[in-house]
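Novice: Got a structure here, written out as structure tokens. Questions coming.
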Amino acid sequence: MGTGELQNWAMARGLVLGVAPVRTFEEGRAALEWRARQGFSTPFAAGRPEERYRPELLYPEARSLVVVARPHPAPILEPGPGQGVIACYALGPDYHEELGRDLGDLAKLLKQSGARLAVTQVDSGPLLEREAARLAGLGYYGASCNLIIPGLGTAFSLGLVITDLELEPGEPLATATCRNCGRCLAACPTGALLAPGRLNPELCLSYLTQKRGFIPPELRPALGGRIWGCDVCQEVCPENNRWAGAIPFRPRAGLLQKEQVQVTPYRQDLAAPPLTYPDLATILALDKVSFNRIFKGTALAWRGKTVLQRNAAIALGNMGDLAALATLRQALGAPVAILRAHAAWALGRLGPAGRPALAAALATEDDPQVRREIQVALDFKNPGKG
Ligand code: SF4
Ligand code: SF4
């Protein structure tokens with residue numbers, strides 16, 4: 001089976017496929033070295049740095065990298081009152097599972113064609129998937145660091161199969177390049193895009209919503225209502241004209257259970273089911289069983305309940321809606337210190353109404369970091385509210 005046949009197989013499944021040669025990813029190496037020189041970490045990276053840009057290190061017998069892009073919807077969606085915003089890649093079923101199934105089928109196909117090696121990777125191994133996709137000729141880097149596939153934009157997930165089959169590789173695109181319009185850099189809420197193609201991951205809201213532990217207080221306001229991921233640099237990119245169109249979208253059934261989440265209908269004129277963002281107060285009150293029932297099988301479950309609840313507390317604080325008072329007061333008594341701390345921060349944002357609960361919590365709180373957060377919250381003066 002050749003590259004063309006594989007591409008036809010992929011196209012029939014709504015996927016985009018390309019083949020990269022097994023060689024050092026020079027651009028990926030340069031980007032990682034730049035990050036290391038700046039002292040920035042590379043969050044969630046697997047393996048040693050050199051294993052990220054040298055495919056032959058882990059797989060000396062590998063001859064080809066078959067890269068697959070799976071488009072995901074870029075829906076029009078405005079959050080309703082009290083709803084948390086989720087990046088579009090995470091709204092539906094977990095792409096790791098869906099793309100993983102596609103790659104599993106592809107690996108079987110390669111084996112039927114004589115491959116002895118056919119290892120799949122969807123964020124599950126060290127290789128830089130974007131760089132493999134660029135080398136395969138699927139797309140080019142935008143100033144936002146996202147890979148842009150001509151005609152498709154940035155709304156897709158990537159995975160690959162490492163194989164010992166010799167397949168005809170693609171070439172990096174020679175003429176397609178980023179328009180360098182600067183919109184992504186200007187729109188980034190935290191200035192995480194320091195320069196075209198230069199990202200400080202520790203300032204990136206997408207990373208912050210997924211990291212465990214405390215979110216630096218100075219970055220919490222920039223999260224706004226986001227509880228998972230950030231689409232800003234993609235939304236503003238002119239290559240993503242799909243964002244301006246209506247894409248029928250089918251969210252996971254659990255997200256539509258009315259007793260657990262508010263449902264916001266969108267585009268009544270489309271025959272698509274309603275698309276929804278989850279209700280923040282509901283998220284904060286979830287126990288483990290309900291959390292799993294709603295979020296298991298979505299990308300949001302990856303870091304567990306506490307991370308999502310922490311993000312929900314921040315979002316409620318940013319909204320400053322007094323309707324969240326009772327929910328946040330309850331979260332101030334949560335068994336997990338991180339939740340108590342972020343609930344305290346959020347209550348501080350509600351102004352005088354939040355103070356009695358904060359003062360009461362300070363009288364009984366033992367954790368020094370949570371105590372500090374409560375004290376700062378008690379002193380907080382919201383300039384907008386006097
Ligand atoms: S995902 Fe959001 S925070 Fe991260 S670089 Fe893009 S706009 Fe900035
Ligand atoms: S917003 Fe403009 S500068 Fe940024 S990636 Fe898109 S085209 Fe390039």
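Residues are referred to by chain and number: the chain letter is A, B, ... according to the order shown in the structure tokens, the number counts from 1 in that chain, and ligands are numbered separately from 1 in the order shown.
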I'd like the neighbourhood of stretch 318-327 of chain A as a list in words, where a residue qualifies if any of its atoms comes within 6 Å (using only C-alpha atoms), though same-chain residues fewer than 5 positions away should be ignored.
Specialist: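 Residues meeting the cut-off are Gly224, Arg349 and Leu350 of chain A.
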Novice: Filtering to N, CA and C atoms, could you give me those residues as a PDB file, in the first residue's frame?
Specialist:
ATOM      1  N   GLY A 224     -11.213  34.580  32.635  1.00  0.00           N
ATOM      2  CA  GLY A 224     -12.619  34.913  32.365  1.00  0.00           C
ATOM      3  C   GLY A 224     -13.503  33.741  32.729  1.00  0.00           C
ATOM      4  N   ARG A 349     -13.886  38.377  45.087  1.00  0.00           N
ATOM      5  CA  ARG A 349     -14.342  39.140  43.919  1.00  0.00           C
ATOM      6  C   ARG A 349     -15.813  39.542  44.031  1.00  0.00           C
ATOM      7  N   LEU A 350     -16.549  38.873  44.915  1.00  0.00           N
ATOM      8  CA  LEU A 350     -17.977  39.208  45.043  1.00  0.00           C
ATOM      9  C   LEU A 350     -18.182  40.420  45.955  1.00  0.00           C
TER      10      LEU A 350
END
Novice: Give me the residues within 10 Å of A:Gln375 as a ChimeraX atom specification, counting only C-alpha atoms and dropping any in the same chain fewer than 5 places off.
Specialist: /A:344-345,348,358-359,362,369-370,380
Novice: When distances are computed from only C-alpha atoms, which of A:Gly151, A:Arg371, A:Arg340, A:Thr209 shows the smallest separation from A:Gly304?
Specialist: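 Closest to A:Gly304 of all the choices is A:Thr209.
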Novice: Could you tell me, counting only C-alpha atoms and all ligand atoms, which protein and nucleic acid residues lie no more than 12 Å from ligand 2, written as a ChimeraX atom specification?
Specialist: /A:139-150,153-154,176-188,193,195-198,231-241
Novice: List the spatial neighbours of stretch 337-339 of chain A as a count of residues only - criterion: any atom at most 8 Å away, only C-alpha atoms, same-chain residues fewer than 2 positions off excluded.
Specialist: 15
Novice: Counting only C-alpha atoms and all ligand atoms, figure out which residue out of A:Val336, A:Leu284, A:Leu203, A:Ala346 gets nearest to ligand 1.
Specialist: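 The answer is A:Leu203, which sits nearest to ligand 1.
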Novice: What lies within 6 Å of stretch 62-74 of chain A using only C-alpha atoms, ignoring chain neighbours under 3 positions off, as number ranges by chain?
Specialist: A: 15-22, 59, 88, 133, 155-166, 243
Novice: For ligand 1, which residue out of A:Leu378, A:Leu194, A:Ala36, A:Val119 is the nearest one, using only C-alpha atoms and all ligand atoms?
Specialist: A:Leu194
Novice: Check stretch 130-181 of chain A with DSSP on the backbone and list each residue it calls strand (DSSP E), as an MDAnalysis selection string.
Specialist: chainID A and resid 140:141 147:148 156:163
Novice: Let's have the selection written as a PDB file, in the first residue's frame, with N, CA and C atoms.
Specialist:
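Dumped to result-v5.pdb:
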ATOM      1  N   TYR A 140       1.456  24.419   7.794  1.00  0.00           N
ATOM      2  CA  TYR A 140       2.590  25.288   8.148  1.00  0.00           C
ATOM      3  C   TYR A 140       2.288  25.951   9.491  1.00  0.00           C
ATOM      4  N   TYR A 141       3.335  26.430  10.154  1.00  0.00           N
ATOM      5  CA  TYR A 141       3.129  27.059  11.458  1.00  0.00           C
ATOM      6  C   TYR A 141       2.590  28.466  11.288  1.00  0.00           C
ATOM      7  N   LEU A 147      -0.486  24.770  14.064  1.00  0.00           N
ATOM      8  CA  LEU A 147      -0.282  24.343  12.679  1.00  0.00           C
ATOM      9  C   LEU A 147      -1.540  24.714  11.890  1.00  0.00           C
ATOM     10  N   ILE A 148      -1.349  25.278  10.720  1.00  0.00           N
ATOM     11  CA  ILE A 148      -2.480  25.669   9.868  1.00  0.00           C
ATOM     12  C   ILE A 148      -2.495  24.753   8.646  1.00  0.00           C
ATOM     13  N   PHE A 156      -8.293  21.042  14.341  1.00  0.00           N
ATOM     14  CA  PHE A 156      -8.124  19.600  14.129  1.00  0.00           C
ATOM     15  C   PHE A 156      -7.211  19.054  15.230  1.00  0.00           C
ATOM     16  N   SER A 157      -7.254  17.751  15.398  1.00  0.00           N
ATOM     17  CA  SER A 157      -6.355  17.072  16.334  1.00  0.00           C
ATOM     18  C   SER A 157      -5.394  16.212  15.524  1.00  0.00           C
ATOM     19  N   LEU A 158      -4.206  16.007  16.079  1.00  0.00           N
ATOM     20  CA  LEU A 158      -3.159  15.284  15.348  1.00  0.00           C
ATOM     21  C   LEU A 158      -2.741  14.014  16.065  1.00  0.00           C
ATOM     22  N   GLY A 159      -2.389  13.015  15.283  1.00  0.00           N
ATOM     23  CA  GLY A 159      -1.787  11.802  15.817  1.00  0.00           C
ATOM     24  C   GLY A 159      -0.932  11.185  14.724  1.00  0.00           C
ATOM     25  N   LEU A 160      -0.196  10.137  15.063  1.00  0.00           N
ATOM     26  CA  LEU A 160       0.654   9.535  14.025  1.00  0.00           C
ATOM     27  C   LEU A 160       0.898   8.058  14.295  1.00  0.00           C
ATOM     28  N   VAL A 161       1.329   7.384  13.246  1.00  0.00           N
ATOM     29  CA  VAL A 161       1.758   5.982  13.369  1.00  0.00           C
ATOM     30  C   VAL A 161       3.213   5.915  12.915  1.00  0.00           C
ATOM     31  N   ILE A 162       4.044   5.349  13.771  1.00  0.00           N
ATOM     32  CA  ILE A 162       5.461   5.179  13.447  1.00  0.00           C
ATOM     33  C   ILE A 162       5.603   3.777  12.864  1.00  0.00           C
ATOM     34  N   THR A 163       6.146   3.701  11.665  1.00  0.00           N
ATOM     35  CA  THR A 163       6.175   2.392  11.001  1.00  0.00           C
ATOM     36  C   THR A 163       7.528   2.143  10.313  1.00  0.00           C
TER      37      THR A 163
END
Novice: When you count only C-alpha atoms and all ligand atoms, which of these residues is closest to ligand 1: A:Thr282, A:Asn292, A:Asn311, A:Ser206?
Specialist: A:Ser206
Novice: Enumerate as a PyMOL selection string all residues of stretch 15-221 of chain A assigned to alpha helix (DSSP H) by DSSP on the backbone, naming them with the chain letters and numbers the document uses.
Specialist: chain A and resi 26-38+49-53+55-58+95-112+129-135+183-187+205-210+220-221
Novice: Could you turn the residues from that selection into a file that holds C-alpha atoms, as a compact mmCIF listing (two decimals), in the first residue's frame?
Specialist:
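After the write, out-v1.txt holds the following:
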# COMPACT_ATOMS: atom_id res chain seq x y z
CA GLU A 26 15.20 20.63 12.99
CA GLU A 27 12.52 23.28 13.54
CA GLY A 28 11.13 21.38 16.50
CA ARG A 29 14.58 21.11 17.97
CA ALA A 30 15.16 24.86 17.54
CA ALA A 31 11.84 25.67 19.24
CA LEU A 32 12.57 23.39 22.20
CA GLU A 33 16.08 24.79 22.56
CA TRP A 34 14.70 28.33 22.50
CA ARG A 35 12.26 27.42 25.28
CA ALA A 36 15.02 25.85 27.34
CA ARG A 37 17.19 28.98 26.94
CA GLN A 38 14.28 31.13 28.15
CA PRO A 49 13.90 16.36 24.95
CA GLU A 50 15.90 14.71 22.14
CA GLU A 51 13.28 11.94 21.86
CA ARG A 52 10.79 14.65 20.89
CA TYR A 53 12.63 15.62 17.70
CA PRO A 55 12.18 9.68 15.92
CA GLU A 56 14.98 7.20 15.29
CA LEU A 57 16.07 7.29 18.95
CA LEU A 58 13.08 5.32 20.22
CA TYR A 95 -10.34 13.11 20.62
CA HIS A 96 -7.64 10.85 22.09
CA GLU A 97 -10.14 8.01 21.96
CA GLU A 98 -11.69 8.85 18.59
CA LEU A 99 -8.40 9.56 16.82
CA GLY A 100 -6.83 6.63 18.68
CA ARG A 101 -9.41 4.33 17.07
CA ASP A 102 -8.64 5.77 13.62
CA LEU A 103 -4.91 5.27 14.19
CA GLY A 104 -5.50 1.73 15.47
CA ASP A 105 -7.30 0.91 12.21
CA LEU A 106 -4.50 2.55 10.25
CA ALA A 107 -1.89 0.51 12.13
CA LYS A 108 -3.80 -2.69 11.24
CA LEU A 109 -3.84 -1.61 7.61
CA LEU A 110 -0.09 -1.00 7.66
CA LYS A 111 0.49 -4.40 9.22
CA GLN A 112 -1.61 -6.05 6.53
CA GLU A 129 3.19 15.67 16.27
CA ARG A 130 2.87 19.18 14.79
CA GLU A 131 6.38 19.04 13.46
CA ALA A 132 5.79 15.62 11.92
CA ALA A 133 2.65 17.03 10.26
CA ARG A 134 4.59 20.00 8.91
CA LEU A 135 7.31 17.74 7.51
CA ARG A 183 -4.08 39.25 15.27
CA CYS A 184 -3.21 36.24 17.40
CA LEU A 185 -0.41 38.06 19.23
CA ALA A 186 -2.59 41.11 19.84
CA ALA A 187 -5.59 39.09 21.04
CA LEU A 205 -4.45 29.81 29.41
CA SER A 206 -4.80 26.48 27.66
CA TYR A 207 -1.95 25.12 29.79
CA LEU A 208 -3.13 26.89 32.94
CA THR A 209 -6.59 25.33 32.78
CA GLN A 210 -4.98 21.88 32.61
CA ARG A 220 -6.79 34.22 37.20
CA PRO A 221 -8.69 37.26 35.84
Novice: What is the atom CA of A:Ile86-atom CA of A:Glu202 distance in Å, reported with one decimal?
Specialist: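 Computed distance, atom CA of A:Ile86 to atom CA of A:Glu202, equals 19.1 Å.
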Novice: Skipping near chain neighbours, those fewer than 3 positions away, what residues fall within 7 Å of A:Ala222 using only C-alpha atoms, listed as a PyMOL selection string?
Specialist: chain A and resi 189-190+219
Novice: Quote the spacing between atom CA of A:Ala46 and atom CA of A:Ala301 in Å to one decimal place.
Specialist: 19.2 Å
Novice: Considering only C-alpha atoms and all ligand atoms, can you say which of A:Ala174, A:Ala45, A:Ala10, A:Cys204 comes closest to ligand 1?
Specialist: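 Counting only C-alpha atoms and all ligand atoms, the residue closest to ligand 1 is A:Cys204.
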Novice: When you look at A:Tyr277 with a cut-off of 7 Å (counting only C-alpha atoms), what residues show up, excluding the ones that are within fewer than 4 positions of it in the same chain? I need them as number ranges by chain.
Specialist: A: 79, 83-86
Novice: Would you export the selected residues with C-alpha atoms as a CSV table (one decimal), in the first residue's frame, please?
Specialist:
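Written output follows (selection11.csv):
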chain,number,residue,atom,x,y,z
A,79,PRO,CA,-22.0,31.1,27.0
A,83,GLN,CA,-21.8,28.8,32.2
A,84,GLY,CA,-18.1,27.8,31.8
A,85,VAL,CA,-16.4,28.1,28.4
A,86,ILE,CA,-14.7,25.0,26.9
Novice: Determine the nearest neighbour of ligand 1 from the options A:Trp228, A:Trp9, A:Trp302, A:Phe291, counting only C-alpha atoms and all ligand atoms.
Specialist: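 Answer, going by the shortest atom-to-atom distance: A:Trp228.
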Novice: What gap, in Å, lies between atom CA of A:Leu199 and atom CA of A:Leu173?
Specialist: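 Between atom CA of A:Leu199 and atom CA of A:Leu173 the gap is 22.5 Å.
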